[in-house]
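Student: To be precise about what I am sending: the file is called structure.cif and holds mmCIF, C-alpha atoms, pLDDT in the B column; chains and numbers go by the auth columns.
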```
data_data
#
loop_
_atom_site.group_PDB
_atom_site.id
_atom_site.type_symbol
_atom_site.label_atom_id
_atom_site.label_comp_id
_atom_site.label_asym_id
_atom_site.label_seq_id
_atom_site.Cartn_x
_atom_site.Cartn_y
_atom_site.Cartn_z
_atom_site.B_iso_or_equiv
_atom_site.auth_seq_id
_atom_site.auth_asym_id
ATOM 1 C CA MET A 1 20.287 -27.934 13.525 36.00 1 A
ATOM 2 C CA LYS A 2 20.835 -27.565 9.776 50.00 2 A
ATOM 3 C CA SER A 3 19.058 -29.883 7.408 55.00 3 A
ATOM 4 C CA GLU A 4 21.176 -31.872 5.005 70.00 4 A
ATOM 5 C CA CYS A 5 21.661 -30.672 1.455 75.00 5 A
ATOM 6 C CA LYS A 6 19.030 -32.108 -0.861 82.00 6 A
ATOM 7 C CA TYR A 7 21.205 -31.629 -3.938 83.00 7 A
ATOM 8 C CA SER A 8 24.871 -31.576 -4.803 86.00 8 A
ATOM 9 C CA PHE A 9 26.350 -28.393 -6.237 87.00 9 A
ATOM 10 C CA LEU A 10 26.029 -29.626 -9.844 91.00 10 A
ATOM 11 C CA GLU A 11 22.491 -30.935 -9.338 91.00 11 A
ATOM 12 C CA ALA A 12 21.466 -27.610 -7.841 91.00 12 A
ATOM 13 C CA LYS A 13 23.091 -25.760 -10.752 92.00 13 A
ATOM 14 C CA THR A 14 21.178 -27.870 -13.279 94.00 14 A
ATOM 15 C CA LYS A 15 17.880 -27.374 -11.433 93.00 15 A
ATOM 16 C CA LEU A 16 18.387 -23.612 -11.146 94.00 16 A
ATOM 17 C CA GLU A 17 19.269 -23.300 -14.839 94.00 17 A
ATOM 18 C CA ALA A 18 16.088 -25.193 -15.717 94.00 18 A
ATOM 19 C CA LEU A 19 14.034 -22.902 -13.450 93.00 19 A
ATOM 20 C CA CYS A 20 15.524 -19.802 -15.047 92.00 20 A
ATOM 21 C CA ALA A 21 15.113 -21.142 -18.576 93.00 21 A
ATOM 22 C CA TYR A 22 11.419 -21.818 -17.911 93.00 22 A
ATOM 23 C CA GLN A 23 10.574 -18.371 -16.504 93.00 23 A
ATOM 24 C CA GLU A 24 12.342 -15.170 -15.488 94.00 24 A
ATOM 25 C CA ARG A 25 13.427 -15.328 -11.864 94.00 25 A
ATOM 26 C CA CYS A 26 15.052 -12.926 -9.434 95.00 26 A
ATOM 27 C CA SER A 27 18.020 -13.699 -7.209 94.00 27 A
ATOM 28 C CA PHE A 28 15.840 -13.369 -4.086 95.00 28 A
ATOM 29 C CA GLU A 29 13.550 -16.207 -5.256 94.00 29 A
ATOM 30 C CA LEU A 30 16.466 -18.421 -6.228 95.00 30 A
ATOM 31 C CA ASN A 31 18.308 -17.731 -2.984 94.00 31 A
ATOM 32 C CA SER A 32 15.174 -18.691 -1.011 93.00 32 A
ATOM 33 C CA LYS A 33 14.890 -21.875 -3.032 93.00 33 A
ATOM 34 C CA MET A 34 18.551 -22.752 -2.380 93.00 34 A
ATOM 35 C CA ILE A 35 18.113 -22.103 1.349 92.00 35 A
ATOM 36 C CA SER A 36 15.187 -24.531 1.382 92.00 36 A
ATOM 37 C CA TRP A 37 17.470 -27.057 -0.317 91.00 37 A
ATOM 38 C CA GLY A 38 19.974 -26.632 2.505 90.00 38 A
ATOM 39 C CA LEU A 39 22.832 -25.229 0.420 90.00 39 A
ATOM 40 C CA PHE A 40 25.573 -23.322 2.209 90.00 40 A
ATOM 41 C CA GLU A 41 26.014 -19.578 1.668 90.00 41 A
ATOM 42 C CA ASP A 42 29.258 -19.946 -0.310 93.00 42 A
ATOM 43 C CA ASP A 43 27.615 -22.408 -2.701 92.00 43 A
ATOM 44 C CA ARG A 44 24.533 -20.167 -3.066 93.00 44 A
ATOM 45 C CA ASN A 45 26.672 -17.156 -3.916 94.00 45 A
ATOM 46 C CA ALA A 46 28.742 -19.156 -6.406 94.00 46 A
ATOM 47 C CA LEU A 47 25.604 -20.499 -8.084 94.00 47 A
ATOM 48 C CA LEU A 48 24.024 -17.044 -8.351 95.00 48 A
ATOM 49 C CA ALA A 49 27.234 -15.621 -9.814 95.00 49 A
ATOM 50 C CA ASP A 50 27.345 -18.460 -12.338 94.00 50 A
ATOM 51 C CA LEU A 51 23.701 -17.904 -13.346 94.00 51 A
ATOM 52 C CA ILE A 52 24.331 -14.184 -13.870 94.00 52 A
ATOM 53 C CA THR A 53 27.534 -14.839 -15.825 94.00 53 A
ATOM 54 C CA ASN A 54 25.791 -17.318 -18.121 94.00 54 A
ATOM 55 C CA ASN A 55 22.838 -14.914 -18.598 94.00 55 A
ATOM 56 C CA PHE A 56 20.275 -17.197 -16.953 94.00 56 A
ATOM 57 C CA LEU A 57 19.568 -14.535 -14.360 94.00 57 A
ATOM 58 C CA SER A 58 19.059 -10.810 -14.957 94.00 58 A
ATOM 59 C CA GLU A 59 17.428 -8.439 -12.492 94.00 59 A
ATOM 60 C CA GLU A 60 16.518 -5.956 -15.235 95.00 60 A
ATOM 61 C CA ARG A 61 14.983 -8.629 -17.435 95.00 61 A
ATOM 62 C CA PHE A 62 13.004 -9.981 -14.469 96.00 62 A
ATOM 63 C CA ALA A 63 11.711 -6.514 -13.548 96.00 63 A
ATOM 64 C CA GLU A 64 10.624 -5.846 -17.136 96.00 64 A
ATOM 65 C CA ALA A 65 8.876 -9.209 -17.491 95.00 65 A
ATOM 66 C CA PHE A 66 7.182 -8.906 -14.088 96.00 66 A
ATOM 67 C CA THR A 67 6.004 -5.357 -14.795 97.00 67 A
ATOM 68 C CA SER A 68 4.785 -6.166 -18.275 95.00 68 A
ATOM 69 C CA GLY A 69 2.812 -9.174 -17.073 95.00 69 A
ATOM 70 C CA LYS A 70 1.204 -7.393 -14.145 96.00 70 A
ATOM 71 C CA VAL A 71 0.162 -4.419 -16.304 96.00 71 A
ATOM 72 C CA ARG A 72 -1.193 -6.516 -19.192 95.00 72 A
ATOM 73 C CA VAL A 73 -2.738 -9.447 -17.327 95.00 73 A
ATOM 74 C CA LYS A 74 -3.549 -8.328 -13.781 96.00 74 A
ATOM 75 C CA LYS A 75 -4.034 -4.649 -14.712 96.00 75 A
ATOM 76 C CA TRP A 76 -2.012 -3.513 -11.705 97.00 76 A
ATOM 77 C CA GLY A 77 -0.830 0.053 -11.197 96.00 77 A
ATOM 78 C CA ARG A 78 2.734 1.241 -10.684 97.00 78 A
ATOM 79 C CA ILE A 79 2.456 1.541 -6.894 97.00 79 A
ATOM 80 C CA LYS A 80 1.466 -2.106 -6.397 97.00 80 A
ATOM 81 C CA ILE A 81 4.044 -3.349 -8.905 97.00 81 A
ATOM 82 C CA GLN A 82 6.793 -1.322 -7.232 97.00 82 A
ATOM 83 C CA ALA A 83 5.844 -2.697 -3.803 97.00 83 A
ATOM 84 C CA GLN A 84 6.000 -6.268 -5.100 97.00 84 A
ATOM 85 C CA LEU A 85 9.360 -5.698 -6.796 97.00 85 A
ATOM 86 C CA LYS A 86 10.757 -4.105 -3.627 97.00 86 A
ATOM 87 C CA GLN A 87 9.587 -7.161 -1.720 96.00 87 A
ATOM 88 C CA LYS A 88 11.670 -9.245 -4.118 96.00 88 A
ATOM 89 C CA GLN A 89 14.645 -6.934 -3.445 95.00 89 A
ATOM 90 C CA ILE A 90 14.826 -5.499 -6.967 96.00 90 A
ATOM 91 C CA SER A 91 16.880 -2.293 -7.256 95.00 91 A
ATOM 92 C CA ASP A 92 15.322 1.123 -7.884 96.00 92 A
ATOM 93 C CA TYR A 93 17.310 1.362 -11.118 96.00 93 A
ATOM 94 C CA SER A 94 15.752 -1.833 -12.508 96.00 94 A
ATOM 95 C CA ILE A 95 12.272 -0.775 -11.397 96.00 95 A
ATOM 96 C CA LYS A 96 12.578 2.631 -13.095 96.00 96 A
ATOM 97 C CA LYS A 97 13.901 1.003 -16.256 96.00 97 A
ATOM 98 C CA ALA A 98 10.965 -1.443 -16.290 96.00 98 A
ATOM 99 C CA PHE A 99 8.460 1.376 -15.714 96.00 99 A
ATOM 100 C CA LYS A 100 9.786 3.221 -18.770 95.00 100 A
ATOM 101 C CA LYS A 101 8.629 0.266 -20.878 94.00 101 A
ATOM 102 C CA ILE A 102 4.993 0.612 -19.739 94.00 102 A
ATOM 103 C CA GLU A 103 2.957 2.121 -22.561 94.00 103 A
ATOM 104 C CA ASP A 104 0.935 5.048 -21.226 93.00 104 A
ATOM 105 C CA ALA A 105 -2.026 4.281 -23.496 94.00 105 A
ATOM 106 C CA ILE A 106 -2.353 0.718 -22.193 95.00 106 A
ATOM 107 C CA TYR A 107 -1.875 1.876 -18.592 96.00 107 A
ATOM 108 C CA PHE A 108 -4.641 4.499 -18.843 95.00 108 A
ATOM 109 C CA ASP A 109 -6.925 2.100 -20.740 96.00 109 A
ATOM 110 C CA ASN A 110 -6.522 -0.419 -17.902 96.00 110 A
ATOM 111 C CA LEU A 111 -7.355 2.223 -15.320 96.00 111 A
ATOM 112 C CA SER A 112 -10.387 3.438 -17.271 95.00 112 A
ATOM 113 C CA HIS A 113 -11.644 -0.097 -17.836 95.00 113 A
ATOM 114 C CA LEU A 114 -11.321 -1.021 -14.147 96.00 114 A
ATOM 115 C CA ALA A 115 -12.948 2.242 -13.039 95.00 115 A
ATOM 116 C CA GLU A 116 -15.854 1.830 -15.427 94.00 116 A
ATOM 117 C CA ARG A 117 -16.405 -1.790 -14.414 95.00 117 A
ATOM 118 C CA LYS A 118 -16.404 -0.906 -10.711 95.00 118 A
ATOM 119 C CA TRP A 119 -18.660 2.124 -11.292 93.00 119 A
ATOM 120 C CA ILE A 120 -21.210 -0.052 -13.092 93.00 120 A
ATOM 121 C CA ALA A 121 -20.986 -2.752 -10.401 94.00 121 A
ATOM 122 C CA LEU A 122 -21.827 -0.116 -7.787 92.00 122 A
ATOM 123 C CA ALA A 123 -24.864 1.202 -9.688 90.00 123 A
ATOM 124 C CA ASN A 124 -27.193 0.074 -6.874 91.00 124 A
ATOM 125 C CA GLU A 125 -25.288 2.199 -4.356 86.00 125 A
ATOM 126 C CA LYS A 126 -27.747 4.770 -2.955 88.00 126 A
ATOM 127 C CA ASP A 127 -25.201 7.372 -1.888 90.00 127 A
ATOM 128 C CA SER A 128 -23.162 8.867 -4.755 88.00 128 A
ATOM 129 C CA TYR A 129 -20.327 9.790 -2.354 92.00 129 A
ATOM 130 C CA SER A 130 -20.129 6.174 -1.150 93.00 130 A
ATOM 131 C CA ARG A 131 -20.069 4.937 -4.751 92.00 131 A
ATOM 132 C CA LYS A 132 -17.256 7.348 -5.563 93.00 132 A
ATOM 133 C CA MET A 133 -15.206 6.368 -2.481 94.00 133 A
ATOM 134 C CA LYS A 134 -15.612 2.652 -3.121 95.00 134 A
ATOM 135 C CA THR A 135 -14.373 3.181 -6.673 95.00 135 A
ATOM 136 C CA TYR A 136 -11.423 5.212 -5.354 96.00 136 A
ATOM 137 C CA ARG A 137 -10.516 2.505 -2.839 96.00 137 A
ATOM 138 C CA TYR A 138 -10.771 -0.256 -5.427 97.00 138 A
ATOM 139 C CA LEU A 139 -8.495 1.530 -7.891 97.00 139 A
ATOM 140 C CA SER A 140 -6.111 2.432 -5.102 96.00 140 A
ATOM 141 C CA SER A 141 -5.936 -1.232 -4.064 97.00 141 A
ATOM 142 C CA LYS A 142 -4.973 -2.051 -7.645 97.00 142 A
ATOM 143 C CA GLY A 143 -1.969 0.250 -7.224 96.00 143 A
ATOM 144 C CA TYR A 144 -2.903 3.271 -9.315 97.00 144 A
ATOM 145 C CA GLU A 145 -1.729 6.779 -8.483 96.00 145 A
ATOM 146 C CA THR A 146 -4.178 9.055 -6.663 96.00 146 A
ATOM 147 C CA ASP A 147 -4.086 11.876 -9.230 95.00 147 A
ATOM 148 C CA LEU A 148 -4.851 9.454 -12.073 95.00 148 A
ATOM 149 C CA ILE A 149 -7.680 7.876 -10.084 96.00 149 A
ATOM 150 C CA LYS A 150 -9.197 11.278 -9.358 95.00 150 A
ATOM 151 C CA GLU A 151 -8.999 12.278 -13.025 94.00 151 A
ATOM 152 C CA CYS A 152 -10.562 8.998 -14.167 94.00 152 A
ATOM 153 C CA VAL A 153 -13.397 8.995 -11.608 93.00 153 A
ATOM 154 C CA GLU A 154 -14.240 12.650 -12.345 92.00 154 A
ATOM 155 C CA GLU A 155 -14.490 11.711 -16.024 91.00 155 A
ATOM 156 C CA LEU A 156 -16.858 8.848 -15.102 89.00 156 A
ATOM 157 C CA ILE A 157 -19.066 11.174 -13.072 86.00 157 A
ATOM 158 C CA LYS A 158 -19.308 13.654 -15.972 88.00 158 A
ATOM 159 C CA ASN A 159 -20.480 10.887 -18.296 80.00 159 A
#
```
Here is a file; write its structure as structure tokens.
Tutor:
Amino acid sequence: MKSECKYSFLEAKTKLEALCAYQERCSFELNSKMISWGLFEDDRNALLADLITNNFLSEERFAEAFTSGKVRVKKWGRIKIQAQLKQKQISDYSIKKAFKKIEDAIYFDNLSHLAERKWIALANEKDSYSRKMKTYRYLSSKGYETDLIKECVEELIKN
């Protein structure tokens, strides 16, 4: 049994515009929100089309904002960011475009900083191999590429 619509078409439009004006959103998030409101598929599609037409909603803009925030604030790597964007049904084109905006210097600084912090935190580790593997796993869980992790950890071991 379907639940009744919480909002009329115009009320939903106003609410969605306010959501999009506050923060970048993707169509997947908005569609989920409209489903929870009990809107019919035709209305949801019309509302999404209207939001895109009026430039409230842009997949590319969302991907760029999401990527930028996760790199700067959370210090995530490309693999984790890509997985999250895929989960939100963002296209490969938008993901690649967003990744081009990541500054390599900031990306490598984040990786180095995280690696160094983890290496220092594991200073009490008796086995050097265990310390190295725990650092690898941590950086991998943050979404960094294996070759970059290896390069960074080898540099830490030298110093």
Student: Could you tell me which residues the PyMOL selection byres ((chain A and resi 45-53) around 9) grabs in this file, written as a list in words?
Tutor: Phe9, Ala12, Lys13, Leu16, Glu17, Cys20, Ser27, Leu30, Asn31, Phe40, Glu41, Asp42, Asp43, Arg44, Asn54, Asn55, Phe56, Leu57 and Ser58 of chain A
Student: Grab the atom CA of Met133 of chain A to atom CA of Tyr107 of chain A distance for me, in Å with one decimal place.
Tutor: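 Separation of atom CA of Met133 of chain A and atom CA of Tyr107 of chain A: 21.4 Å.
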Student: Between atom CA of Phe99 of chain A and atom CA of Leu148 of chain A, what is the distance, to one decimal in Å?
Tutor: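 Computed distance, atom CA of Phe99 of chain A to atom CA of Leu148 of chain A, equals 16.0 Å.
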Student: Do you know which residues the PyMOL selection byres ((chain A and resi 136) around 12) returns on this file, as a ChimeraX atom specification?
Tutor: /A:111,114-116,118-119,122,129-135,137-154,156
Student: Just to confirm, what's the straight-line distance from atom CA of Val73 of chain A to atom CA of Tyr93 of chain A in Å (one decimal)?
Tutor: 23.6 Å
Student: Can you work out which one of A:Glu155, A:Asp127, A:Glu4, A:Glu59 has the shortest atom-to-atom distance to Ser36 of chain A, counting all atoms listed in the file?
Tutor: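 Using all atoms listed in the file, Ser36 of chain A sits closest to A:Glu4.
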Student: Given the file shown, determine the residues that the PyMOL selection byres ((chain A and resi 5) around 7) selects; report them as JSON, numbers by chain.
Tutor: {"A": [3, 4, 6, 7, 37, 38, 39]}
Student: Where's the centre, and what are the edge lengths in Å to one decimal, of a box along x, y and z enclosing all listed atoms of segment 122-127 of chain A padded 5 Å per side, as JSON?
Tutor:
```
{"center_x": -24.8, "center_y": 3.6, "center_z": -5.8, "size_x": 15.9, "size_y": 17.5, "size_z": 17.8}
```
Student: Just so I have it separately, write segment 37-74 of chain A from the block I sent, keeping N, CA, C and O atoms, as a PDB file, in the first residue's frame.
Tutor:
```
ATOM      1  N   TRP A  37       8.744  11.034   0.226  1.00  0.00           N
ATOM      2  CA  TRP A  37       7.598  11.936   0.320  1.00  0.00           C
ATOM      3  C   TRP A  37       6.351  11.338  -0.317  1.00  0.00           C
ATOM      4  O   TRP A  37       5.268  11.895  -0.212  1.00  0.00           O
ATOM      5  N   GLY A  38       6.513  10.242  -1.029  1.00  0.00           N
ATOM      6  CA  GLY A  38       5.374   9.572  -1.650  1.00  0.00           C
ATOM      7  C   GLY A  38       4.970  10.145  -2.995  1.00  0.00           C
ATOM      8  O   GLY A  38       3.834   9.933  -3.433  1.00  0.00           O
ATOM      9  N   LEU A  39       5.877  10.846  -3.675  1.00  0.00           N
ATOM     10  CA  LEU A  39       5.547  11.398  -4.984  1.00  0.00           C
ATOM     11  C   LEU A  39       5.580  10.309  -6.052  1.00  0.00           C
ATOM     12  O   LEU A  39       6.383   9.380  -5.984  1.00  0.00           O
ATOM     13  N   PHE A  40       4.717  10.438  -7.029  1.00  0.00           N
ATOM     14  CA  PHE A  40       4.655   9.470  -8.119  1.00  0.00           C
ATOM     15  C   PHE A  40       5.826   9.674  -9.075  1.00  0.00           C
ATOM     16  O   PHE A  40       6.411  10.756  -9.144  1.00  0.00           O
ATOM     17  N   GLU A  41       6.143   8.619  -9.837  1.00  0.00           N
ATOM     18  CA  GLU A  41       7.310   8.647 -10.724  1.00  0.00           C
ATOM     19  C   GLU A  41       7.239   9.774 -11.754  1.00  0.00           C
ATOM     20  O   GLU A  41       8.244  10.441 -12.010  1.00  0.00           O
ATOM     21  N   ASP A  42       6.079  10.016 -12.328  1.00  0.00           N
ATOM     22  CA  ASP A  42       5.942  11.089 -13.320  1.00  0.00           C
ATOM     23  C   ASP A  42       6.263  12.447 -12.709  1.00  0.00           C
ATOM     24  O   ASP A  42       6.949  13.272 -13.319  1.00  0.00           O
ATOM     25  N   ASP A  43       5.762  12.684 -11.503  1.00  0.00           N
ATOM     26  CA  ASP A  43       6.035  13.941 -10.804  1.00  0.00           C
ATOM     27  C   ASP A  43       7.523  14.064 -10.468  1.00  0.00           C
ATOM     28  O   ASP A  43       8.118  15.132 -10.624  1.00  0.00           O
ATOM     29  N   ARG A  44       8.133  12.963 -10.008  1.00  0.00           N
ATOM     30  CA  ARG A  44       9.565  12.980  -9.678  1.00  0.00           C
ATOM     31  C   ARG A  44      10.399  13.326 -10.909  1.00  0.00           C
ATOM     32  O   ARG A  44      11.304  14.164 -10.831  1.00  0.00           O
ATOM     33  N   ASN A  45      10.089  12.698 -12.015  1.00  0.00           N
ATOM     34  CA  ASN A  45      10.835  12.970 -13.248  1.00  0.00           C
ATOM     35  C   ASN A  45      10.655  14.411 -13.711  1.00  0.00           C
ATOM     36  O   ASN A  45      11.611  15.061 -14.144  1.00  0.00           O
ATOM     37  N   ALA A  46       9.433  14.917 -13.602  1.00  0.00           N
ATOM     38  CA  ALA A  46       9.163  16.306 -13.998  1.00  0.00           C
ATOM     39  C   ALA A  46       9.918  17.281 -13.099  1.00  0.00           C
ATOM     40  O   ALA A  46      10.488  18.273 -13.580  1.00  0.00           O
ATOM     41  N   LEU A  47       9.943  16.995 -11.802  1.00  0.00           N
ATOM     42  CA  LEU A  47      10.648  17.865 -10.862  1.00  0.00           C
ATOM     43  C   LEU A  47      12.160  17.845 -11.118  1.00  0.00           C
ATOM     44  O   LEU A  47      12.805  18.898 -11.113  1.00  0.00           O
ATOM     45  N   LEU A  48      12.717  16.681 -11.349  1.00  0.00           N
ATOM     46  CA  LEU A  48      14.151  16.592 -11.644  1.00  0.00           C
ATOM     47  C   LEU A  48      14.492  17.338 -12.926  1.00  0.00           C
ATOM     48  O   LEU A  48      15.488  18.071 -12.981  1.00  0.00           O
ATOM     49  N   ALA A  49      13.668  17.190 -13.938  1.00  0.00           N
ATOM     50  CA  ALA A  49      13.896  17.894 -15.208  1.00  0.00           C
ATOM     51  C   ALA A  49      13.838  19.404 -14.998  1.00  0.00           C
ATOM     52  O   ALA A  49      14.664  20.149 -15.549  1.00  0.00           O
ATOM     53  N   ASP A  50      12.897  19.843 -14.180  1.00  0.00           N
ATOM     54  CA  ASP A  50      12.759  21.274 -13.895  1.00  0.00           C
ATOM     55  C   ASP A  50      13.983  21.795 -13.134  1.00  0.00           C
ATOM     56  O   ASP A  50      14.493  22.880 -13.437  1.00  0.00           O
ATOM     57  N   LEU A  51      14.467  21.027 -12.170  1.00  0.00           N
ATOM     58  CA  LEU A  51      15.646  21.439 -11.396  1.00  0.00           C
ATOM     59  C   LEU A  51      16.883  21.541 -12.290  1.00  0.00           C
ATOM     60  O   LEU A  51      17.689  22.460 -12.145  1.00  0.00           O
ATOM     61  N   ILE A  52      17.030  20.611 -13.213  1.00  0.00           N
ATOM     62  CA  ILE A  52      18.168  20.640 -14.135  1.00  0.00           C
ATOM     63  C   ILE A  52      18.040  21.830 -15.085  1.00  0.00           C
ATOM     64  O   ILE A  52      19.017  22.557 -15.305  1.00  0.00           O
ATOM     65  N   THR A  53      16.851  22.039 -15.604  1.00  0.00           N
ATOM     66  CA  THR A  53      16.609  23.160 -16.528  1.00  0.00           C
ATOM     67  C   THR A  53      16.901  24.501 -15.879  1.00  0.00           C
ATOM     68  O   THR A  53      17.496  25.383 -16.499  1.00  0.00           O
ATOM     69  N   ASN A  54      16.503  24.651 -14.627  1.00  0.00           N
ATOM     70  CA  ASN A  54      16.710  25.917 -13.913  1.00  0.00           C
ATOM     71  C   ASN A  54      18.062  25.980 -13.193  1.00  0.00           C
ATOM     72  O   ASN A  54      18.280  26.850 -12.358  1.00  0.00           O
ATOM     73  N   ASN A  55      18.950  25.048 -13.494  1.00  0.00           N
ATOM     74  CA  ASN A  55      20.327  25.017 -12.997  1.00  0.00           C
ATOM     75  C   ASN A  55      20.433  24.875 -11.474  1.00  0.00           C
ATOM     76  O   ASN A  55      21.419  25.297 -10.874  1.00  0.00           O
ATOM     77  N   PHE A  56      19.418  24.275 -10.856  1.00  0.00           N
ATOM     78  CA  PHE A  56      19.519  23.964  -9.429  1.00  0.00           C
ATOM     79  C   PHE A  56      20.291  22.673  -9.229  1.00  0.00           C
ATOM     80  O   PHE A  56      20.869  22.437  -8.181  1.00  0.00           O
ATOM     81  N   LEU A  57      20.274  21.828 -10.251  1.00  0.00           N
ATOM     82  CA  LEU A  57      20.845  20.495 -10.152  1.00  0.00           C
ATOM     83  C   LEU A  57      21.811  20.264 -11.309  1.00  0.00           C
ATOM     84  O   LEU A  57      21.453  20.471 -12.466  1.00  0.00           O
ATOM     85  N   SER A  58      23.049  19.887 -10.974  1.00  0.00           N
ATOM     86  CA  SER A  58      24.054  19.587 -11.987  1.00  0.00           C
ATOM     87  C   SER A  58      24.934  18.456 -11.474  1.00  0.00           C
ATOM     88  O   SER A  58      25.578  18.586 -10.427  1.00  0.00           O
ATOM     89  N   GLU A  59      24.955  17.368 -12.209  1.00  0.00           N
ATOM     90  CA  GLU A  59      25.750  16.203 -11.810  1.00  0.00           C
ATOM     91  C   GLU A  59      27.241  16.548 -11.770  1.00  0.00           C
ATOM     92  O   GLU A  59      27.947  16.157 -10.851  1.00  0.00           O
ATOM     93  N   GLU A  60      27.708  17.282 -12.763  1.00  0.00           N
ATOM     94  CA  GLU A  60      29.123  17.662 -12.817  1.00  0.00           C
ATOM     95  C   GLU A  60      29.503  18.550 -11.643  1.00  0.00           C
ATOM     96  O   GLU A  60      30.539  18.359 -11.009  1.00  0.00           O
ATOM     97  N   ARG A  61      28.668  19.526 -11.365  1.00  0.00           N
ATOM     98  CA  ARG A  61      28.928  20.434 -10.245  1.00  0.00           C
ATOM     99  C   ARG A  61      28.945  19.669  -8.924  1.00  0.00           C
ATOM    100  O   ARG A  61      29.794  19.906  -8.066  1.00  0.00           O
ATOM    101  N   PHE A  62      27.994  18.739  -8.770  1.00  0.00           N
ATOM    102  CA  PHE A  62      27.946  17.915  -7.556  1.00  0.00           C
ATOM    103  C   PHE A  62      29.219  17.096  -7.412  1.00  0.00           C
ATOM    104  O   PHE A  62      29.824  17.051  -6.338  1.00  0.00           O
ATOM    105  N   ALA A  63      29.637  16.443  -8.495  1.00  0.00           N
ATOM    106  CA  ALA A  63      30.834  15.592  -8.452  1.00  0.00           C
ATOM    107  C   ALA A  63      32.068  16.410  -8.084  1.00  0.00           C
ATOM    108  O   ALA A  63      32.904  15.968  -7.287  1.00  0.00           O
ATOM    109  N   GLU A  64      32.183  17.601  -8.646  1.00  0.00           N
ATOM    110  CA  GLU A  64      33.327  18.469  -8.341  1.00  0.00           C
ATOM    111  C   GLU A  64      33.311  18.920  -6.883  1.00  0.00           C
ATOM    112  O   GLU A  64      34.343  18.906  -6.210  1.00  0.00           O
ATOM    113  N   ALA A  65      32.152  19.321  -6.391  1.00  0.00           N
ATOM    114  CA  ALA A  65      32.044  19.773  -5.002  1.00  0.00           C
ATOM    115  C   ALA A  65      32.308  18.615  -4.029  1.00  0.00           C
ATOM    116  O   ALA A  65      33.028  18.781  -3.038  1.00  0.00           O
ATOM    117  N   PHE A  66      31.744  17.461  -4.310  1.00  0.00           N
ATOM    118  CA  PHE A  66      31.923  16.285  -3.465  1.00  0.00           C
ATOM    119  C   PHE A  66      33.399  15.901  -3.406  1.00  0.00           C
ATOM    120  O   PHE A  66      33.965  15.702  -2.332  1.00  0.00           O
ATOM    121  N   THR A  67      34.024  15.824  -4.578  1.00  0.00           N
ATOM    122  CA  THR A  67      35.433  15.441  -4.672  1.00  0.00           C
ATOM    123  C   THR A  67      36.316  16.440  -3.944  1.00  0.00           C
ATOM    124  O   THR A  67      37.179  16.061  -3.152  1.00  0.00           O
ATOM    125  N   SER A  68      36.092  17.702  -4.205  1.00  0.00           N
ATOM    126  CA  SER A  68      36.894  18.745  -3.577  1.00  0.00           C
ATOM    127  C   SER A  68      36.794  18.679  -2.053  1.00  0.00           C
ATOM    128  O   SER A  68      37.805  18.739  -1.342  1.00  0.00           O
ATOM    129  N   GLY A  69      35.604  18.528  -1.546  1.00  0.00           N
ATOM    130  CA  GLY A  69      35.396  18.457  -0.104  1.00  0.00           C
ATOM    131  C   GLY A  69      36.047  17.241   0.530  1.00  0.00           C
ATOM    132  O   GLY A  69      36.677  17.331   1.582  1.00  0.00           O
ATOM    133  N   LYS A  70      35.903  16.103  -0.116  1.00  0.00           N
ATOM    134  CA  LYS A  70      36.474  14.870   0.447  1.00  0.00           C
ATOM    135  C   LYS A  70      37.994  14.897   0.411  1.00  0.00           C
ATOM    136  O   LYS A  70      38.646  14.381   1.321  1.00  0.00           O
ATOM    137  N   VAL A  71      38.589  15.508  -0.616  1.00  0.00           N
ATOM    138  CA  VAL A  71      40.053  15.591  -0.681  1.00  0.00           C
ATOM    139  C   VAL A  71      40.568  16.585   0.359  1.00  0.00           C
ATOM    140  O   VAL A  71      41.493  16.295   1.110  1.00  0.00           O
ATOM    141  N   ARG A  72      39.944  17.767   0.435  1.00  0.00           N
ATOM    142  CA  ARG A  72      40.435  18.808   1.339  1.00  0.00           C
ATOM    143  C   ARG A  72      40.132  18.516   2.809  1.00  0.00           C
ATOM    144  O   ARG A  72      40.990  18.674   3.669  1.00  0.00           O
ATOM    145  N   VAL A  73      38.915  18.091   3.099  1.00  0.00           N
ATOM    146  CA  VAL A  73      38.490  17.948   4.490  1.00  0.00           C
ATOM    147  C   VAL A  73      38.751  16.546   5.050  1.00  0.00           C
ATOM    148  O   VAL A  73      39.396  16.393   6.084  1.00  0.00           O
ATOM    149  N   LYS A  74      38.271  15.538   4.353  1.00  0.00           N
ATOM    150  CA  LYS A  74      38.394  14.162   4.853  1.00  0.00           C
ATOM    151  C   LYS A  74      39.705  13.495   4.453  1.00  0.00           C
ATOM    152  O   LYS A  74      40.030  12.429   4.960  1.00  0.00           O
TER     153      LYS A  74
END
```
